[in-house]
Amino acid sequence: MDDFIAGLPKAELHLHIEGTLEPELAFQLSEKNGIAIPFQSVDEMRAAYNFKDLQSFLDLYYASISVVLTEEDFHDLTMAYLKKAASQNVRHTEIFFDPQSHTDRNIPFETALNGITAALKQAQTELGISSHLILSFLRHLSEESAIQTLQQAIPFREQIIAVGLDSSELGHPPSKFVNVFAEARRQGFRVVCHAGEEGPPEYITEALDLLQAERIDHGVRCMEDAALVERLIEEQIPLTVCPLSNIRLCVFETMTEHSLKRMLDAGLVVSVNSDDPPYFGGYVNENFLAVQEAFDLSRDQLVKLARNSFESAFLTEEEKQKLI
Ligand code: HPA
Ligand code: ZN
């Protein structure tokens, strides 16, 4: 099954570029930029990837990105991920970036954006992997801060396909961001939203009704609300599920308790993604393998998950056909 999974063409739609920082690169950048990290070694850093919930992960995720400073750093971070993804037969990616986690430490918006987009272009040419970029607002910050971030993105409108919402979910419902998402839609951005990871099913409903989200990131708690499940099926709303992430952040205790199989059986448009791979112990193929083992998934079910990833992407039918 390893080879079968490795050979499947896949799209990855739920991946935070800041969350792809491997400890080895973190140490290199720490030395180059003269920014200390609170670990003695790569092994010690990896051993700290032991989380009790989303917030305990986010604390380390925001602290670790402090070593990434220059356009070249953002390029190298992005290129390292794209090489790994291409090696796993990922043919298309839709990558989140969190500009506020950089502008808040005085790194200009365009430094992050230019470094990332240079790598996306290079990977298209050199690795044959296509990409879109999604600007994600940090939901623990104010809507005013999100509005300022959206304004910074306007000159780069053509390089960013969508806006999203990530960071601490509980206490920061989609309703907090109605105005900024309305403005983003007016500017022509597509809309996705993290919802129903730690937050209740009501946050998924808010993302759909108030933000007009076209795709839900995680969404695994939708299974607690039968009417919502029916709606998600009826409207064919894709859900980008990240199995290893959900286990590492204790959304489910074990993989056999994860809702992915029930979601798939119900007819939801679910895909498998890696979220923040070094932190959660695997890239997309390791995520596929973990669910295959937990649920004894058949080849047909694995093909369905991989096909769903292309169906859920912001691609035209013609683009999809070329990639599959
Ligand atoms: N959820 C919320 N915020 C995040 C995540 C996530 O999965 N990954 C990086 N920031
Ligand atoms: Zn995420």
# chains A, B, ... in the order shown; residues from 1 in each chain; ligands from 1
>>> residues_near_ligand(ligand="ligand 1", cutoff="7 Å", atoms="only C-alpha atoms and all ligand atoms", output="list in words")
His16, Gly19, Leu54, Leu58, Asp166, Ser167, Ser168, Glu169, His194, Asp275 and Asp276 of chain A
>>> residues_around(residues="Gly115 in chain A", least_positions_apart="4", cutoff="7 Å", atoms="only C-alpha atoms", output="short mmCIF file (atom, residue, chain, number, x, y, z; two decimals) with N, CA and C atoms, in the first residue's frame")
data_model
loop_
_atom_site.label_atom_id
_atom_site.label_comp_id
_atom_site.auth_asym_id
_atom_site.auth_seq_id
_atom_site.Cartn_x
_atom_site.Cartn_y
_atom_site.Cartn_z
N GLU A 71 13.96 37.61 2.21
CA GLU A 71 13.26 37.05 1.05
C GLU A 71 13.85 35.67 0.70
N GLU A 72 15.17 35.59 0.76
CA GLU A 72 15.85 34.32 0.46
C GLU A 72 15.43 33.23 1.46
N PHE A 74 12.55 33.00 3.01
CA PHE A 74 11.19 32.57 2.65
C PHE A 74 11.23 31.69 1.40
N HIS A 75 12.10 32.05 0.47
CA HIS A 75 12.25 31.23 -0.74
C HIS A 75 12.74 29.83 -0.37
N THR A 111 8.34 41.15 1.54
CA THR A 111 9.51 40.27 1.73
C THR A 111 9.05 38.81 1.79
N ALA A 119 9.72 31.03 -5.14
CA ALA A 119 9.86 29.57 -5.04
C ALA A 119 8.72 28.86 -5.78
#
>>> closest_residue(among="A:Glu94, A:Glu158, A:Asp225, A:Asp209", to="ligand 2", atoms="only C-alpha atoms and all ligand atoms")
A:Glu94
>>> closest_atom_pairs(of="range 223-320 of chain A", to="range 22-29 of chain A", cutoff="9 Å", atoms="only C-alpha atoms", output="CSV")
residue,atom,partner,partner_atom,distance
A:Pro277,CA,A:Glu22,CA,8.6
A:Pro278,CA,A:Glu22,CA,5.8
A:Tyr279,CA,A:Glu22,CA,8.3
>>> write_last_selection(atoms="N, CA and C atoms", output="PDB file, in the first residue's frame")
ATOM      1  N   PRO A 277       3.731  19.792   8.506  1.00  0.00           N
ATOM      2  CA  PRO A 277       4.265  18.422   8.538  1.00  0.00           C
ATOM      3  C   PRO A 277       5.355  18.106   9.561  1.00  0.00           C
ATOM      4  N   PRO A 278       6.427  18.909   9.726  1.00  0.00           N
ATOM      5  CA  PRO A 278       7.441  18.481  10.708  1.00  0.00           C
ATOM      6  C   PRO A 278       6.879  18.430  12.127  1.00  0.00           C
ATOM      7  N   TYR A 279       5.954  19.335  12.422  1.00  0.00           N
ATOM      8  CA  TYR A 279       5.393  19.399  13.776  1.00  0.00           C
ATOM      9  C   TYR A 279       4.497  18.190  14.084  1.00  0.00           C
TER      10      TYR A 279
END
>>> closest_residue(among="A:Val303, A:Ile37, A:Ala290, A:Ala86", to="Ser64 in chain A", atoms="only C-alpha atoms")
A:Ile37
>>> select_by_dssp(residues="range 208-312 of chain A", states="helix (DSSP H, G or I)", output="ChimeraX atom specification")
/A:208-209,220-224,226-234,243-248,255-257,260-266,277-280,284-295,299-311
>>> write_last_selection(atoms="C-alpha atoms", output="PDB file, in the first residue's frame")
ATOM      1  CA  LEU A 208     -20.503  29.251   5.283  1.00  0.00           C
ATOM      2  CA  ASP A 209     -23.246  31.785   6.041  1.00  0.00           C
ATOM      3  CA  VAL A 220     -13.876  17.351  11.414  1.00  0.00           C
ATOM      4  CA  ARG A 221     -16.381  18.329  14.112  1.00  0.00           C
ATOM      5  CA  CYS A 222     -19.172  18.651  11.515  1.00  0.00           C
ATOM      6  CA  MET A 223     -20.099  15.056  12.358  1.00  0.00           C
ATOM      7  CA  GLU A 224     -21.656  16.315  15.624  1.00  0.00           C
ATOM      8  CA  ALA A 226     -26.445  15.803  11.230  1.00  0.00           C
ATOM      9  CA  ALA A 227     -28.200  18.727   9.539  1.00  0.00           C
ATOM     10  CA  LEU A 228     -24.853  20.407   8.860  1.00  0.00           C
ATOM     11  CA  VAL A 229     -23.479  17.183   7.348  1.00  0.00           C
ATOM     12  CA  GLU A 230     -26.495  17.014   5.043  1.00  0.00           C
ATOM     13  CA  ARG A 231     -25.908  20.595   3.970  1.00  0.00           C
ATOM     14  CA  LEU A 232     -22.177  20.069   3.337  1.00  0.00           C
ATOM     15  CA  ILE A 233     -23.021  17.074   1.133  1.00  0.00           C
ATOM     16  CA  GLU A 234     -25.857  18.882  -0.651  1.00  0.00           C
ATOM     17  CA  PRO A 243      -5.355  13.439  10.182  1.00  0.00           C
ATOM     18  CA  LEU A 244      -1.930  13.469  11.882  1.00  0.00           C
ATOM     19  CA  SER A 245      -2.455  17.092  12.940  1.00  0.00           C
ATOM     20  CA  ASN A 246      -5.734  16.180  14.624  1.00  0.00           C
ATOM     21  CA  ILE A 247      -4.099  13.358  16.574  1.00  0.00           C
ATOM     22  CA  ARG A 248      -1.051  15.433  17.617  1.00  0.00           C
ATOM     23  CA  MET A 255      -6.649   7.531  14.587  1.00  0.00           C
ATOM     24  CA  THR A 256      -9.376   4.882  14.777  1.00  0.00           C
ATOM     25  CA  GLU A 257     -11.554   7.470  16.551  1.00  0.00           C
ATOM     26  CA  LEU A 260     -12.366  10.871   8.443  1.00  0.00           C
ATOM     27  CA  LYS A 261     -13.788   7.436   7.568  1.00  0.00           C
ATOM     28  CA  ARG A 262     -17.272   8.404   8.717  1.00  0.00           C
ATOM     29  CA  MET A 263     -16.993  11.604   6.678  1.00  0.00           C
ATOM     30  CA  LEU A 264     -15.935   9.671   3.588  1.00  0.00           C
ATOM     31  CA  ASP A 265     -18.708   7.096   4.037  1.00  0.00           C
ATOM     32  CA  ALA A 266     -21.297   9.852   4.460  1.00  0.00           C
ATOM     33  CA  PRO A 277       4.265  18.422   8.538  1.00  0.00           C
ATOM     34  CA  PRO A 278       7.441  18.481  10.708  1.00  0.00           C
ATOM     35  CA  TYR A 279       5.393  19.399  13.776  1.00  0.00           C
ATOM     36  CA  PHE A 280       2.868  16.594  13.267  1.00  0.00           C
ATOM     37  CA  VAL A 284       0.895  14.009   2.798  1.00  0.00           C
ATOM     38  CA  ASN A 285       1.877  10.385   2.092  1.00  0.00           C
ATOM     39  CA  GLU A 286       2.433   9.692   5.804  1.00  0.00           C
ATOM     40  CA  ASN A 287      -1.054  11.094   6.435  1.00  0.00           C
ATOM     41  CA  PHE A 288      -2.555   8.788   3.800  1.00  0.00           C
ATOM     42  CA  LEU A 289      -0.685   5.823   5.256  1.00  0.00           C
ATOM     43  CA  ALA A 290      -1.866   6.584   8.802  1.00  0.00           C
ATOM     44  CA  VAL A 291      -5.542   6.622   7.769  1.00  0.00           C
ATOM     45  CA  GLN A 292      -5.139   3.618   5.503  1.00  0.00           C
ATOM     46  CA  GLU A 293      -3.759   1.613   8.414  1.00  0.00           C
ATOM     47  CA  ALA A 294      -6.308   2.837  10.947  1.00  0.00           C
ATOM     48  CA  PHE A 295      -9.323   2.152   8.714  1.00  0.00           C
ATOM     49  CA  ARG A 299      -7.473   1.242  -3.065  1.00  0.00           C
ATOM     50  CA  ASP A 300     -10.776   2.670  -4.318  1.00  0.00           C
ATOM     51  CA  GLN A 301     -11.171   4.695  -1.130  1.00  0.00           C
ATOM     52  CA  LEU A 302      -7.604   6.024  -1.421  1.00  0.00           C
ATOM     53  CA  VAL A 303      -8.245   6.968  -5.053  1.00  0.00           C
ATOM     54  CA  LYS A 304     -11.431   8.750  -3.971  1.00  0.00           C
ATOM     55  CA  LEU A 305      -9.513  10.795  -1.372  1.00  0.00           C
ATOM     56  CA  ALA A 306      -6.849  11.730  -3.933  1.00  0.00           C
ATOM     57  CA  ARG A 307      -9.468  12.628  -6.573  1.00  0.00           C
ATOM     58  CA  ASN A 308     -11.320  14.740  -4.014  1.00  0.00           C
ATOM     59  CA  SER A 309      -8.142  16.764  -3.518  1.00  0.00           C
ATOM     60  CA  PHE A 310      -8.213  17.836  -7.179  1.00  0.00           C
ATOM     61  CA  GLU A 311     -11.999  18.301  -7.158  1.00  0.00           C
TER      62      GLU A 311
END
>>> residues_around(residues="Cys242 in chain A", least_positions_apart="3", cutoff="6 Å", atoms="only C-alpha atoms", output="list in words")
Ser245, Val272, Asn273 and Ser274 of chain A
>>> closest_residue(among="A:Asp53, A:Lys84, A:Leu60, A:Gln236", to="Val251 in chain A", atoms="only C-alpha atoms")
A:Asp53
